[in-house]
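Below: the structure, in structure tokens.
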Amino acid sequence: TKPMEKAQVRYPYVGEHEDELSLTEGEIINVLDKDLEDSGWWRGEINGRVGVFPGNFVELINEVPRHHSPIEANSPMSLSSQPMPVTLKLLVSVDLPKTGDDKEEPYLSGLDFLPDGRLVAVDNYNRKCIILNDRLQRLGTPYKFKNIPRSVVCVSHDTLCVTCAGKVVCLLSVSTDNTITLTREIKTSSKFDTICCMSPSNMVVSTFDDPRPLRMISVDGVETDFDHSLTLPMKTYRIAESACTYVQSKNTLILTDQLAHTVYMNDPVNGTSRAVTNENIQEPRAACVGPGDSVLVCSMGKDSIVRLTIDGKILGTYPVDMECPCSICMSKDGTKLAVSNCSVGIKKLQLYKIPPAMS
């Protein structure tokens, strides 16, 4: 018979559900099954306890003599110095068929979380703003836009900014009873696509049909440009060819270039920049700030999410059960990730759990 595989715990993990094992760094696990329905999760046994755990929190080991530790604690390659991995566990997945007065199958081109955990989505095809709970069920009545919405960012506990066709940015307020109200409409000089927060009063936007790939706009509607210290592609993007996000704690500005399969990372304060390419980054679309000030990018050509450091190092690639993931956001407490797609046919919205060890 095939000998049982063993693994040593690299990172501590606190199980949140009855079927999950809690892990202590250095423990040895008997691995029972690595091919579970939840990709990336394994089943194992520790001291008579059987449960599931994130597979990339452990390292498979060969049997070694008892007087040798599989990992030398004082080794310069001590595993505790490695970047902490992230394992995404699917919580909810919903298909997005036409409902009510929808003229088309929904296409959720923008996602963001409110601080209280409610999820905001803009439906590009049906011109709606939708609020959802943690079971991805709709709350309240959707807001109907006059113009086609593209992207959304939450700028305070109850305020949203939505980029729209027709050179418009809409400011919306969201009440605790899920009533969405238009508070202001800002006319812009450029065509804006994706939007993210740079500070409480300033946003970064990616553009299309404009030679300036990235611009800034304040909540008061004042538009400004980055200076020449940013190293950005000298090209004019078409709609949906690029997207942006901003890692506030690291002053790092991210621009994805879908056709060039490249993620550009810029530090406007220090004037440093890099262009990141990797076989796992194929047709990158939306990006968001991830756990530990990392960056999460939708790799549409690989049907996966790629996690990078702001220095451009690939920390991991995580397949998602949908074709062409193109919108992504992480909850403000760092525990959940929402992803939607833009493939022809079935559109999906999925909610993943990020383990607490990563927050």
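Labels for the structure tokens follow display order: chains A, B, ..., residues from 1 in each chain, ligands from 1.
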
For segment 45-60 of chain A, work out the shell of residues within 9 Å, counting only C-alpha atoms and skipping chain neighbours fewer than 5 positions away, then give it as a PDB file with all heavy atoms, in the first residue's frame.
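out-v4.pdb was written with the following content:
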ATOM      1  N   GLU A   5       1.045  10.180   3.250  1.00  0.00           N
ATOM      2  CA  GLU A   5       1.837  11.400   3.145  1.00  0.00           C
ATOM      3  C   GLU A   5       1.748  12.187   4.446  1.00  0.00           C
ATOM      4  O   GLU A   5       0.711  12.191   5.112  1.00  0.00           O
ATOM      5  CB  GLU A   5       1.333  12.272   1.993  1.00  0.00           C
ATOM      6  CG  GLU A   5       1.680  11.742   0.618  1.00  0.00           C
ATOM      7  CD  GLU A   5       1.292  12.728  -0.476  1.00  0.00           C
ATOM      8  OE1 GLU A   5       0.081  12.896  -0.695  1.00  0.00           O
ATOM      9  OE2 GLU A   5       2.191  13.332  -1.096  1.00  0.00           O
ATOM     10  N   LYS A   6       2.841  12.841   4.759  1.00  0.00           N
ATOM     11  CA  LYS A   6       2.875  13.699   5.947  1.00  0.00           C
ATOM     12  C   LYS A   6       3.258  15.113   5.524  1.00  0.00           C
ATOM     13  O   LYS A   6       3.921  15.312   4.512  1.00  0.00           O
ATOM     14  CB  LYS A   6       3.872  13.163   6.976  1.00  0.00           C
ATOM     15  CG  LYS A   6       3.472  11.822   7.595  1.00  0.00           C
ATOM     16  CD  LYS A   6       4.479  11.388   8.626  1.00  0.00           C
ATOM     17  CE  LYS A   6       4.110  10.038   9.237  1.00  0.00           C
ATOM     18  NZ  LYS A   6       2.881  10.125  10.038  1.00  0.00           N
ATOM     19  N   ALA A   7       2.817  16.070   6.322  1.00  0.00           N
ATOM     20  CA  ALA A   7       3.140  17.463   6.036  1.00  0.00           C
ATOM     21  C   ALA A   7       3.453  18.171   7.337  1.00  0.00           C
ATOM     22  O   ALA A   7       2.926  17.814   8.401  1.00  0.00           O
ATOM     23  CB  ALA A   7       1.986  18.158   5.318  1.00  0.00           C
ATOM     24  N   GLN A   8       4.330  19.169   7.256  1.00  0.00           N
ATOM     25  CA  GLN A   8       4.637  19.992   8.423  1.00  0.00           C
ATOM     26  C   GLN A   8       3.996  21.363   8.245  1.00  0.00           C
ATOM     27  O   GLN A   8       4.035  21.949   7.162  1.00  0.00           O
ATOM     28  CB  GLN A   8       6.139  20.150   8.617  1.00  0.00           C
ATOM     29  CG  GLN A   8       6.488  20.926   9.894  1.00  0.00           C
ATOM     30  CD  GLN A   8       7.939  20.795  10.289  1.00  0.00           C
ATOM     31  OE1 GLN A   8       8.815  20.799   9.425  1.00  0.00           O
ATOM     32  NE2 GLN A   8       8.211  20.688  11.575  1.00  0.00           N
ATOM     33  N   VAL A   9       3.397  21.858   9.326  1.00  0.00           N
ATOM     34  CA  VAL A   9       2.711  23.147   9.282  1.00  0.00           C
ATOM     35  C   VAL A   9       3.743  24.278   9.170  1.00  0.00           C
ATOM     36  O   VAL A   9       4.655  24.384   9.997  1.00  0.00           O
ATOM     37  CB  VAL A   9       1.841  23.353  10.540  1.00  0.00           C
ATOM     38  CG1 VAL A   9       1.181  24.739  10.517  1.00  0.00           C
ATOM     39  CG2 VAL A   9       0.779  22.264  10.631  1.00  0.00           C
ATOM     40  N   ARG A  10       3.568  25.091   8.117  1.00  0.00           N
ATOM     41  CA  ARG A  10       4.470  26.233   7.913  1.00  0.00           C
ATOM     42  C   ARG A  10       3.937  27.487   8.603  1.00  0.00           C
ATOM     43  O   ARG A  10       4.693  28.315   9.081  1.00  0.00           O
ATOM     44  CB  ARG A  10       4.620  26.514   6.412  1.00  0.00           C
ATOM     45  CG  ARG A  10       5.235  25.403   5.619  1.00  0.00           C
ATOM     46  CD  ARG A  10       5.242  25.730   4.131  1.00  0.00           C
ATOM     47  NE  ARG A  10       6.038  26.922   3.840  1.00  0.00           N
ATOM     48  CZ  ARG A  10       6.161  27.439   2.627  1.00  0.00           C
ATOM     49  NH1 ARG A  10       5.536  26.887   1.602  1.00  0.00           N
ATOM     50  NH2 ARG A  10       6.903  28.514   2.426  1.00  0.00           N
ATOM     51  N   TYR A  11       2.612  27.649   8.600  1.00  0.00           N
ATOM     52  CA  TYR A  11       2.008  28.868   9.138  1.00  0.00           C
ATOM     53  C   TYR A  11       0.819  28.480  10.015  1.00  0.00           C
ATOM     54  O   TYR A  11       0.055  27.572   9.684  1.00  0.00           O
ATOM     55  CB  TYR A  11       1.507  29.781   8.009  1.00  0.00           C
ATOM     56  CG  TYR A  11       2.556  30.095   6.983  1.00  0.00           C
ATOM     57  CD1 TYR A  11       2.562  29.439   5.762  1.00  0.00           C
ATOM     58  CD2 TYR A  11       3.532  31.053   7.235  1.00  0.00           C
ATOM     59  CE1 TYR A  11       3.526  29.724   4.808  1.00  0.00           C
ATOM     60  CE2 TYR A  11       4.502  31.343   6.286  1.00  0.00           C
ATOM     61  CZ  TYR A  11       4.498  30.669   5.080  1.00  0.00           C
ATOM     62  OH  TYR A  11       5.445  30.954   4.141  1.00  0.00           O
ATOM     63  N   PRO A  12       0.630  29.160  11.131  1.00  0.00           N
ATOM     64  CA  PRO A  12      -0.528  28.868  11.984  1.00  0.00           C
ATOM     65  C   PRO A  12      -1.830  29.220  11.281  1.00  0.00           C
ATOM     66  O   PRO A  12      -1.882  30.134  10.461  1.00  0.00           O
ATOM     67  CB  PRO A  12      -0.293  29.752  13.220  1.00  0.00           C
ATOM     68  CG  PRO A  12       0.586  30.858  12.733  1.00  0.00           C
ATOM     69  CD  PRO A  12       1.456  30.272  11.654  1.00  0.00           C
ATOM     70  N   TYR A  13      -2.862  28.478  11.591  1.00  0.00           N
ATOM     71  CA  TYR A  13      -4.187  28.733  11.018  1.00  0.00           C
ATOM     72  C   TYR A  13      -5.236  28.431  12.080  1.00  0.00           C
ATOM     73  O   TYR A  13      -5.171  27.393  12.755  1.00  0.00           O
ATOM     74  CB  TYR A  13      -4.422  27.860   9.779  1.00  0.00           C
ATOM     75  CG  TYR A  13      -5.810  27.995   9.206  1.00  0.00           C
ATOM     76  CD1 TYR A  13      -6.184  29.138   8.504  1.00  0.00           C
ATOM     77  CD2 TYR A  13      -6.774  26.998   9.371  1.00  0.00           C
ATOM     78  CE1 TYR A  13      -7.464  29.282   7.986  1.00  0.00           C
ATOM     79  CE2 TYR A  13      -8.045  27.123   8.863  1.00  0.00           C
ATOM     80  CZ  TYR A  13      -8.391  28.263   8.172  1.00  0.00           C
ATOM     81  OH  TYR A  13      -9.660  28.408   7.665  1.00  0.00           O
ATOM     82  N   GLY A  15      -8.995  27.459  12.651  1.00  0.00           N
ATOM     83  CA  GLY A  15     -10.192  26.960  11.975  1.00  0.00           C
ATOM     84  C   GLY A  15     -11.419  27.745  12.392  1.00  0.00           C
ATOM     85  O   GLY A  15     -11.619  27.996  13.596  1.00  0.00           O
ATOM     86  N   GLU A  18     -16.572  23.918  12.014  1.00  0.00           N
ATOM     87  CA  GLU A  18     -16.398  22.624  12.686  1.00  0.00           C
ATOM     88  C   GLU A  18     -15.564  21.651  11.868  1.00  0.00           C
ATOM     89  O   GLU A  18     -14.875  20.804  12.419  1.00  0.00           O
ATOM     90  CB  GLU A  18     -17.774  21.997  12.980  1.00  0.00           C
ATOM     91  CG  GLU A  18     -18.529  22.690  14.105  1.00  0.00           C
ATOM     92  CD  GLU A  18     -19.844  21.978  14.426  1.00  0.00           C
ATOM     93  OE1 GLU A  18     -20.073  20.895  13.863  1.00  0.00           O
ATOM     94  OE2 GLU A  18     -20.622  22.509  15.228  1.00  0.00           O
ATOM     95  N   ASP A  19     -15.634  21.759  10.542  1.00  0.00           N
ATOM     96  CA  ASP A  19     -14.912  20.789   9.707  1.00  0.00           C
ATOM     97  C   ASP A  19     -13.464  21.199   9.450  1.00  0.00           C
ATOM     98  O   ASP A  19     -12.735  20.509   8.744  1.00  0.00           O
ATOM     99  CB  ASP A  19     -15.629  20.598   8.365  1.00  0.00           C
ATOM    100  CG  ASP A  19     -15.651  21.874   7.518  1.00  0.00           C
ATOM    101  OD1 ASP A  19     -15.567  22.968   8.103  1.00  0.00           O
ATOM    102  OD2 ASP A  19     -15.750  21.755   6.286  1.00  0.00           O
ATOM    103  N   GLU A  20     -13.001  22.325  10.028  1.00  0.00           N
ATOM    104  CA  GLU A  20     -11.645  22.810   9.773  1.00  0.00           C
ATOM    105  C   GLU A  20     -10.712  22.506  10.943  1.00  0.00           C
ATOM    106  O   GLU A  20     -11.095  22.631  12.110  1.00  0.00           O
ATOM    107  CB  GLU A  20     -11.660  24.320   9.526  1.00  0.00           C
ATOM    108  CG  GLU A  20     -12.400  24.727   8.262  1.00  0.00           C
ATOM    109  CD  GLU A  20     -12.386  26.235   8.042  1.00  0.00           C
ATOM    110  OE1 GLU A  20     -11.574  26.928   8.690  1.00  0.00           O
ATOM    111  OE2 GLU A  20     -13.197  26.719   7.230  1.00  0.00           O
ATOM    112  N   LEU A  21      -9.492  22.109  10.614  1.00  0.00           N
ATOM    113  CA  LEU A  21      -8.458  21.918  11.630  1.00  0.00           C
ATOM    114  C   LEU A  21      -7.781  23.247  11.927  1.00  0.00           C
ATOM    115  O   LEU A  21      -7.543  24.046  11.026  1.00  0.00           O
ATOM    116  CB  LEU A  21      -7.392  20.940  11.118  1.00  0.00           C
ATOM    117  CG  LEU A  21      -7.731  19.445  11.048  1.00  0.00           C
ATOM    118  CD1 LEU A  21      -6.567  18.689  10.417  1.00  0.00           C
ATOM    119  CD2 LEU A  21      -8.044  18.886  12.430  1.00  0.00           C
ATOM    120  N   SER A  22      -7.456  23.465  13.195  1.00  0.00           N
ATOM    121  CA  SER A  22      -6.574  24.569  13.549  1.00  0.00           C
ATOM    122  C   SER A  22      -5.144  24.042  13.512  1.00  0.00           C
ATOM    123  O   SER A  22      -4.877  22.908  13.928  1.00  0.00           O
ATOM    124  CB  SER A  22      -6.907  25.115  14.941  1.00  0.00           C
ATOM    125  OG  SER A  22      -8.159  25.776  14.925  1.00  0.00           O
ATOM    126  N   LEU A  23      -4.223  24.875  12.976  1.00  0.00           N
ATOM    127  CA  LEU A  23      -2.848  24.423  12.783  1.00  0.00           C
ATOM    128  C   LEU A  23      -1.894  25.242  13.645  1.00  0.00           C
ATOM    129  O   LEU A  23      -2.051  26.453  13.773  1.00  0.00           O
ATOM    130  CB  LEU A  23      -2.444  24.581  11.316  1.00  0.00           C
ATOM    131  CG  LEU A  23      -3.367  23.969  10.250  1.00  0.00           C
ATOM    132  CD1 LEU A  23      -2.824  24.266   8.859  1.00  0.00           C
ATOM    133  CD2 LEU A  23      -3.516  22.470  10.453  1.00  0.00           C
ATOM    134  N   GLU A  25       2.246  26.067  14.038  1.00  0.00           N
ATOM    135  CA  GLU A  25       3.491  25.972  13.269  1.00  0.00           C
ATOM    136  C   GLU A  25       4.377  24.862  13.816  1.00  0.00           C
ATOM    137  O   GLU A  25       4.588  24.741  15.021  1.00  0.00           O
ATOM    138  CB  GLU A  25       4.242  27.311  13.321  1.00  0.00           C
ATOM    139  CG  GLU A  25       5.452  27.364  12.411  1.00  0.00           C
ATOM    140  CD  GLU A  25       6.100  28.740  12.376  1.00  0.00           C
ATOM    141  OE1 GLU A  25       5.529  29.686  12.953  1.00  0.00           O
ATOM    142  OE2 GLU A  25       7.181  28.845  11.776  1.00  0.00           O
ATOM    143  N   GLU A  27       3.734  21.561  13.646  1.00  0.00           N
ATOM    144  CA  GLU A  27       3.001  20.302  13.801  1.00  0.00           C
ATOM    145  C   GLU A  27       3.139  19.428  12.563  1.00  0.00           C
ATOM    146  O   GLU A  27       3.305  19.931  11.447  1.00  0.00           O
ATOM    147  CB  GLU A  27       1.499  20.580  14.006  1.00  0.00           C
ATOM    148  CG  GLU A  27       1.095  20.904  15.423  1.00  0.00           C
ATOM    149  CD  GLU A  27      -0.429  21.033  15.547  1.00  0.00           C
ATOM    150  OE1 GLU A  27      -1.050  21.655  14.676  1.00  0.00           O
ATOM    151  OE2 GLU A  27      -0.976  20.507  16.535  1.00  0.00           O
ATOM    152  N   ILE A  28       3.036  18.110  12.776  1.00  0.00           N
ATOM    153  CA  ILE A  28       3.045  17.164  11.661  1.00  0.00           C
ATOM    154  C   ILE A  28       1.623  16.660  11.422  1.00  0.00           C
ATOM    155  O   ILE A  28       0.928  16.256  12.367  1.00  0.00           O
ATOM    156  CB  ILE A  28       3.974  15.964  11.944  1.00  0.00           C
ATOM    157  CG1 ILE A  28       5.398  16.444  12.260  1.00  0.00           C
ATOM    158  CG2 ILE A  28       3.983  15.007  10.751  1.00  0.00           C
ATOM    159  CD1 ILE A  28       6.054  17.214  11.128  1.00  0.00           C
ATOM    160  N   ILE A  29       1.176  16.703  10.170  1.00  0.00           N
ATOM    161  CA  ILE A  29      -0.172  16.292   9.797  1.00  0.00           C
ATOM    162  C   ILE A  29      -0.095  15.046   8.918  1.00  0.00           C
ATOM    163  O   ILE A  29       0.749  14.965   8.014  1.00  0.00           O
ATOM    164  CB  ILE A  29      -0.899  17.400   8.996  1.00  0.00           C
ATOM    165  CG1 ILE A  29      -0.992  18.695   9.796  1.00  0.00           C
ATOM    166  CG2 ILE A  29      -2.299  16.959   8.569  1.00  0.00           C
ATOM    167  CD1 ILE A  29      -1.656  19.828   9.016  1.00  0.00           C
ATOM    168  N   ASN A  30      -0.956  14.068   9.182  1.00  0.00           N
ATOM    169  CA  ASN A  30      -1.159  12.964   8.248  1.00  0.00           C
ATOM    170  C   ASN A  30      -2.126  13.434   7.172  1.00  0.00           C
ATOM    171  O   ASN A  30      -3.266  13.786   7.481  1.00  0.00           O
ATOM    172  CB  ASN A  30      -1.737  11.733   8.963  1.00  0.00           C
ATOM    173  CG  ASN A  30      -0.740  11.125   9.933  1.00  0.00           C
ATOM    174  OD1 ASN A  30       0.447  11.027   9.628  1.00  0.00           O
ATOM    175  ND2 ASN A  30      -1.211  10.721  11.107  1.00  0.00           N
ATOM    176  N   VAL A  31      -1.682  13.485   5.927  1.00  0.00           N
ATOM    177  CA  VAL A  31      -2.514  13.981   4.829  1.00  0.00           C
ATOM    178  C   VAL A  31      -3.375  12.841   4.290  1.00  0.00           C
ATOM    179  O   VAL A  31      -2.856  11.838   3.801  1.00  0.00           O
ATOM    180  CB  VAL A  31      -1.646  14.580   3.702  1.00  0.00           C
ATOM    181  CG1 VAL A  31      -2.529  15.094   2.571  1.00  0.00           C
ATOM    182  CG2 VAL A  31      -0.773  15.710   4.242  1.00  0.00           C
ATOM    183  N   LEU A  32      -4.698  13.012   4.382  1.00  0.00           N
ATOM    184  CA  LEU A  32      -5.637  11.966   3.961  1.00  0.00           C
ATOM    185  C   LEU A  32      -6.143  12.160   2.544  1.00  0.00           C
ATOM    186  O   LEU A  32      -6.403  11.194   1.832  1.00  0.00           O
ATOM    187  CB  LEU A  32      -6.836  11.924   4.934  1.00  0.00           C
ATOM    188  CG  LEU A  32      -6.491  11.758   6.419  1.00  0.00           C
ATOM    189  CD1 LEU A  32      -7.766  11.810   7.256  1.00  0.00           C
ATOM    190  CD2 LEU A  32      -5.751  10.447   6.651  1.00  0.00           C
ATOM    191  N   LYS A  34      -5.916  15.162  -0.871  1.00  0.00           N
ATOM    192  CA  LYS A  34      -5.535  16.479  -1.412  1.00  0.00           C
ATOM    193  C   LYS A  34      -6.435  16.894  -2.584  1.00  0.00           C
ATOM    194  O   LYS A  34      -6.213  17.941  -3.190  1.00  0.00           O
ATOM    195  CB  LYS A  34      -4.083  16.449  -1.897  1.00  0.00           C
ATOM    196  CG  LYS A  34      -3.073  16.258  -0.785  1.00  0.00           C
ATOM    197  CD  LYS A  34      -1.643  16.377  -1.293  1.00  0.00           C
ATOM    198  CE  LYS A  34      -1.298  15.237  -2.217  1.00  0.00           C
ATOM    199  NZ  LYS A  34       0.115  15.272  -2.640  1.00  0.00           N
ATOM    200  N   GLY A  40      -7.493  23.757  -3.299  1.00  0.00           N
ATOM    201  CA  GLY A  40      -6.512  24.322  -2.382  1.00  0.00           C
ATOM    202  C   GLY A  40      -6.673  23.864  -0.946  1.00  0.00           C
ATOM    203  O   GLY A  40      -5.821  24.135  -0.116  1.00  0.00           O
ATOM    204  N   MET A  84       3.579  34.967   3.781  1.00  0.00           N
ATOM    205  CA  MET A  84       2.441  34.166   4.202  1.00  0.00           C
ATOM    206  C   MET A  84       1.546  33.862   3.007  1.00  0.00           C
ATOM    207  O   MET A  84       1.215  34.759   2.247  1.00  0.00           O
ATOM    208  CB  MET A  84       1.648  34.963   5.240  1.00  0.00           C
ATOM    209  CG  MET A  84       0.498  34.197   5.841  1.00  0.00           C
ATOM    210  SD  MET A  84       1.051  32.984   7.038  1.00  0.00           S
ATOM    211  CE  MET A  84       0.344  33.680   8.513  1.00  0.00           C
ATOM    212  N   PRO A  85       1.177  32.605   2.778  1.00  0.00           N
ATOM    213  CA  PRO A  85       0.331  32.300   1.624  1.00  0.00           C
ATOM    214  C   PRO A  85      -1.120  32.653   1.909  1.00  0.00           C
ATOM    215  O   PRO A  85      -1.515  32.849   3.051  1.00  0.00           O
ATOM    216  CB  PRO A  85       0.476  30.789   1.469  1.00  0.00           C
ATOM    217  CG  PRO A  85       0.683  30.307   2.871  1.00  0.00           C
ATOM    218  CD  PRO A  85       1.472  31.397   3.570  1.00  0.00           C
ATOM    219  N   VAL A  86      -1.905  32.734   0.861  1.00  0.00           N
ATOM    220  CA  VAL A  86      -3.337  32.943   1.030  1.00  0.00           C
ATOM    221  C   VAL A  86      -4.070  31.796   0.370  1.00  0.00           C
ATOM    222  O   VAL A  86      -3.661  31.314  -0.683  1.00  0.00           O
ATOM    223  CB  VAL A  86      -3.794  34.298   0.427  1.00  0.00           C
ATOM    224  CG1 VAL A  86      -3.610  34.322  -1.064  1.00  0.00           C
ATOM    225  CG2 VAL A  86      -5.238  34.592   0.769  1.00  0.00           C
ATOM    226  N   THR A  87      -5.092  31.305   1.018  1.00  0.00           N
ATOM    227  CA  THR A  87      -5.933  30.266   0.435  1.00  0.00           C
ATOM    228  C   THR A  87      -7.346  30.805   0.367  1.00  0.00           C
ATOM    229  O   THR A  87      -7.891  31.275   1.363  1.00  0.00           O
ATOM    230  CB  THR A  87      -5.906  28.990   1.301  1.00  0.00           C
ATOM    231  OG1 THR A  87      -4.595  28.445   1.272  1.00  0.00           O
ATOM    232  CG2 THR A  87      -6.871  27.957   0.740  1.00  0.00           C
ATOM    233  N   LEU A  88      -7.923  30.776  -0.802  1.00  0.00           N
ATOM    234  CA  LEU A  88      -9.281  31.274  -0.980  1.00  0.00           C
ATOM    235  C   LEU A  88     -10.253  30.117  -0.867  1.00  0.00           C
ATOM    236  O   LEU A  88     -10.102  29.094  -1.532  1.00  0.00           O
ATOM    237  CB  LEU A  88      -9.424  31.942  -2.350  1.00  0.00           C
ATOM    238  CG  LEU A  88      -8.448  33.083  -2.639  1.00  0.00           C
ATOM    239  CD1 LEU A  88      -8.654  33.612  -4.046  1.00  0.00           C
ATOM    240  CD2 LEU A  88      -8.632  34.197  -1.624  1.00  0.00           C
ATOM    241  N   LYS A  89     -11.250  30.265  -0.017  1.00  0.00           N
ATOM    242  CA  LYS A  89     -12.273  29.230   0.133  1.00  0.00           C
ATOM    243  C   LYS A  89     -13.601  29.787  -0.356  1.00  0.00           C
ATOM    244  O   LYS A  89     -14.076  30.810   0.138  1.00  0.00           O
ATOM    245  CB  LYS A  89     -12.401  28.796   1.603  1.00  0.00           C
ATOM    246  CG  LYS A  89     -13.377  27.632   1.784  1.00  0.00           C
ATOM    247  CD  LYS A  89     -13.355  27.084   3.194  1.00  0.00           C
ATOM    248  CE  LYS A  89     -14.255  25.851   3.305  1.00  0.00           C
ATOM    249  NZ  LYS A  89     -14.240  25.283   4.666  1.00  0.00           N
ATOM    250  N   PRO A 355      -8.511  33.476   4.791  1.00  0.00           N
ATOM    251  CA  PRO A 355      -8.294  33.017   6.163  1.00  0.00           C
ATOM    252  C   PRO A 355      -7.859  34.165   7.076  1.00  0.00           C
ATOM    253  O   PRO A 355      -7.141  35.071   6.649  1.00  0.00           O
ATOM    254  CB  PRO A 355      -7.165  31.981   6.014  1.00  0.00           C
ATOM    255  CG  PRO A 355      -7.278  31.503   4.622  1.00  0.00           C
ATOM    256  CD  PRO A 355      -7.735  32.682   3.822  1.00  0.00           C
TER     257      PRO A 355
END

- prompt: Using only C-alpha atoms, which residues sit within 8 Å of Val122 of chain A once same-chain residues fewer than 3 positions away are excluded, as a PyMOL selection string?
  reply: chain A and resi 108-111+127-130+149-152

- prompt: If we count only C-alpha atoms, what is near segment 295-298 of chain A at a cut-off of 7 Å, once residues fewer than 3 positions away on the same chain are taken out, given as a list in words?
  reply: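 The filter keeps Pro284, Arg285, Ala286, Ala287, Cys288, Val289, Gly290, Ser304, Ile305, Val306, Arg307, Leu308, Thr309, Ile310, Pro325 and Cys326 of chain A.
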
Please dump the current selection as an mmCIF file, in the first residue's frame; keep C-alpha atoms.
data_model
loop_
_atom_site.group_PDB
_atom_site.id
_atom_site.type_symbol
_atom_site.label_atom_id
_atom_site.label_comp_id
_atom_site.auth_asym_id
_atom_site.auth_seq_id
_atom_site.Cartn_x
_atom_site.Cartn_y
_atom_site.Cartn_z
ATOM 1 C CA PRO A 284 -5.052 41.227 -16.751
ATOM 2 C CA ARG A 285 -8.177 43.252 -16.027
ATOM 3 C CA ALA A 286 -9.349 44.605 -12.669
ATOM 4 C CA ALA A 287 -7.058 44.782 -9.647
ATOM 5 C CA CYS A 288 -7.566 45.469 -5.950
ATOM 6 C CA VAL A 289 -5.532 45.731 -2.768
ATOM 7 C CA GLY A 290 -5.117 42.261 -1.239
ATOM 8 C CA SER A 304 -7.549 32.950 -12.128
ATOM 9 C CA ILE A 305 -6.507 35.569 -9.583
ATOM 10 C CA VAL A 306 -2.810 36.445 -9.303
ATOM 11 C CA ARG A 307 -1.402 37.831 -6.060
ATOM 12 C CA LEU A 308 1.694 40.059 -6.237
ATOM 13 C CA THR A 309 3.834 42.081 -3.876
ATOM 14 C CA ILE A 310 4.218 45.779 -4.686
ATOM 15 C CA PRO A 325 -12.843 37.009 -14.139
ATOM 16 C CA CYS A 326 -12.808 40.763 -14.650
#

field: Residues near Ser343 of chain A, cut-off 9 Å, only C-alpha atoms, skip fewer than 3 positions along chain, as a ChimeraX atom specification
entry: /A:322-326,346-347

Dump as a PDB file, in the first residue's frame, selection limited to N, CA, C and O atoms:
ATOM      1  N   MET A 322     -14.931  30.315 -12.859  1.00  0.00           N
ATOM      2  CA  MET A 322     -15.676  31.163 -13.790  1.00  0.00           C
ATOM      3  C   MET A 322     -14.749  31.495 -14.952  1.00  0.00           C
ATOM      4  O   MET A 322     -13.529  31.480 -14.809  1.00  0.00           O
ATOM      5  N   GLU A 323     -15.337  31.787 -16.104  1.00  0.00           N
ATOM      6  CA  GLU A 323     -14.543  32.173 -17.259  1.00  0.00           C
ATOM      7  C   GLU A 323     -14.354  33.693 -17.273  1.00  0.00           C
ATOM      8  O   GLU A 323     -15.294  34.443 -17.035  1.00  0.00           O
ATOM      9  N   CYS A 324     -13.138  34.126 -17.533  1.00  0.00           N
ATOM     10  CA  CYS A 324     -12.809  35.550 -17.687  1.00  0.00           C
ATOM     11  C   CYS A 324     -13.175  36.396 -16.467  1.00  0.00           C
ATOM     12  O   CYS A 324     -13.991  37.324 -16.561  1.00  0.00           O
ATOM     13  N   PRO A 325     -12.595  36.115 -15.285  1.00  0.00           N
ATOM     14  CA  PRO A 325     -12.843  37.009 -14.139  1.00  0.00           C
ATOM     15  C   PRO A 325     -12.350  38.415 -14.473  1.00  0.00           C
ATOM     16  O   PRO A 325     -11.240  38.576 -14.995  1.00  0.00           O
ATOM     17  N   CYS A 326     -13.198  39.417 -14.215  1.00  0.00           N
ATOM     18  CA  CYS A 326     -12.808  40.763 -14.650  1.00  0.00           C
ATOM     19  C   CYS A 326     -13.086  41.849 -13.620  1.00  0.00           C
ATOM     20  O   CYS A 326     -12.667  42.994 -13.808  1.00  0.00           O
ATOM     21  N   ILE A 346     -23.002  32.425 -19.310  1.00  0.00           N
ATOM     22  CA  ILE A 346     -23.311  32.543 -17.886  1.00  0.00           C
ATOM     23  C   ILE A 346     -22.361  33.508 -17.188  1.00  0.00           C
ATOM     24  O   ILE A 346     -21.139  33.344 -17.198  1.00  0.00           O
ATOM     25  N   LYS A 347     -22.937  34.537 -16.596  1.00  0.00           N
ATOM     26  CA  LYS A 347     -22.176  35.451 -15.742  1.00  0.00           C
ATOM     27  C   LYS A 347     -22.326  34.979 -14.299  1.00  0.00           C
ATOM     28  O   LYS A 347     -23.396  34.531 -13.885  1.00  0.00           O
TER      29      LYS A 347
END

field: All strand (DSSP E or B) residues (DSSP, backbone) inside segment 251-338 of chain A, as a ChimeraX atom specification
entry: /A:252-257,262-267,272-276,284-289,295-299,304-308,314-319,325-330,336-338

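Closest approach to Cys154 of chain A among A:Ile131, A:Cys196, A:Met4, A:Cys170 is made by A:Cys196 (distances from only C-alpha atoms).
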
- request: Can you work out the spacing between atom CA of Asp303 of chain A and atom CA of Val247 of chain A in Å, to one decimal?
  value: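 Atom CA of Asp303 of chain A sits 23.7 Å away from atom CA of Val247 of chain A.
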
Contacts of Gly117 of chain A at 7 Å (only C-alpha atoms; same-chain gap of 3+ positions) as a PyMOL selection string: chain A and resi 113-114+331

Preceding selection exported with N, CA and C atoms as a short mmCIF file (atom, residue, chain, number, x, y, z; two decimals), in the first residue's frame:
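So the final result, stored in out_35.cif, reads:
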data_model
loop_
_atom_site.label_atom_id
_atom_site.label_comp_id
_atom_site.auth_asym_id
_atom_site.auth_seq_id
_atom_site.Cartn_x
_atom_site.Cartn_y
_atom_site.Cartn_z
N PHE A 113 -16.87 46.82 -1.50
CA PHE A 113 -17.56 46.57 -0.24
C PHE A 113 -17.76 47.87 0.52
N LEU A 114 -18.91 48.02 1.14
CA LEU A 114 -19.10 49.06 2.15
C LEU A 114 -18.38 48.62 3.42
N SER A 331 -13.03 42.90 1.04
CA SER A 331 -13.77 43.60 2.10
C SER A 331 -12.81 44.43 2.94
#

Close residues, Gln350 of chain A itself excluded, 10 Å, only C-alpha atoms, min 4 positions apart in chain, as a PyMOL selection string: chain A and resi 90-95+135-136+320-322+328+337-341
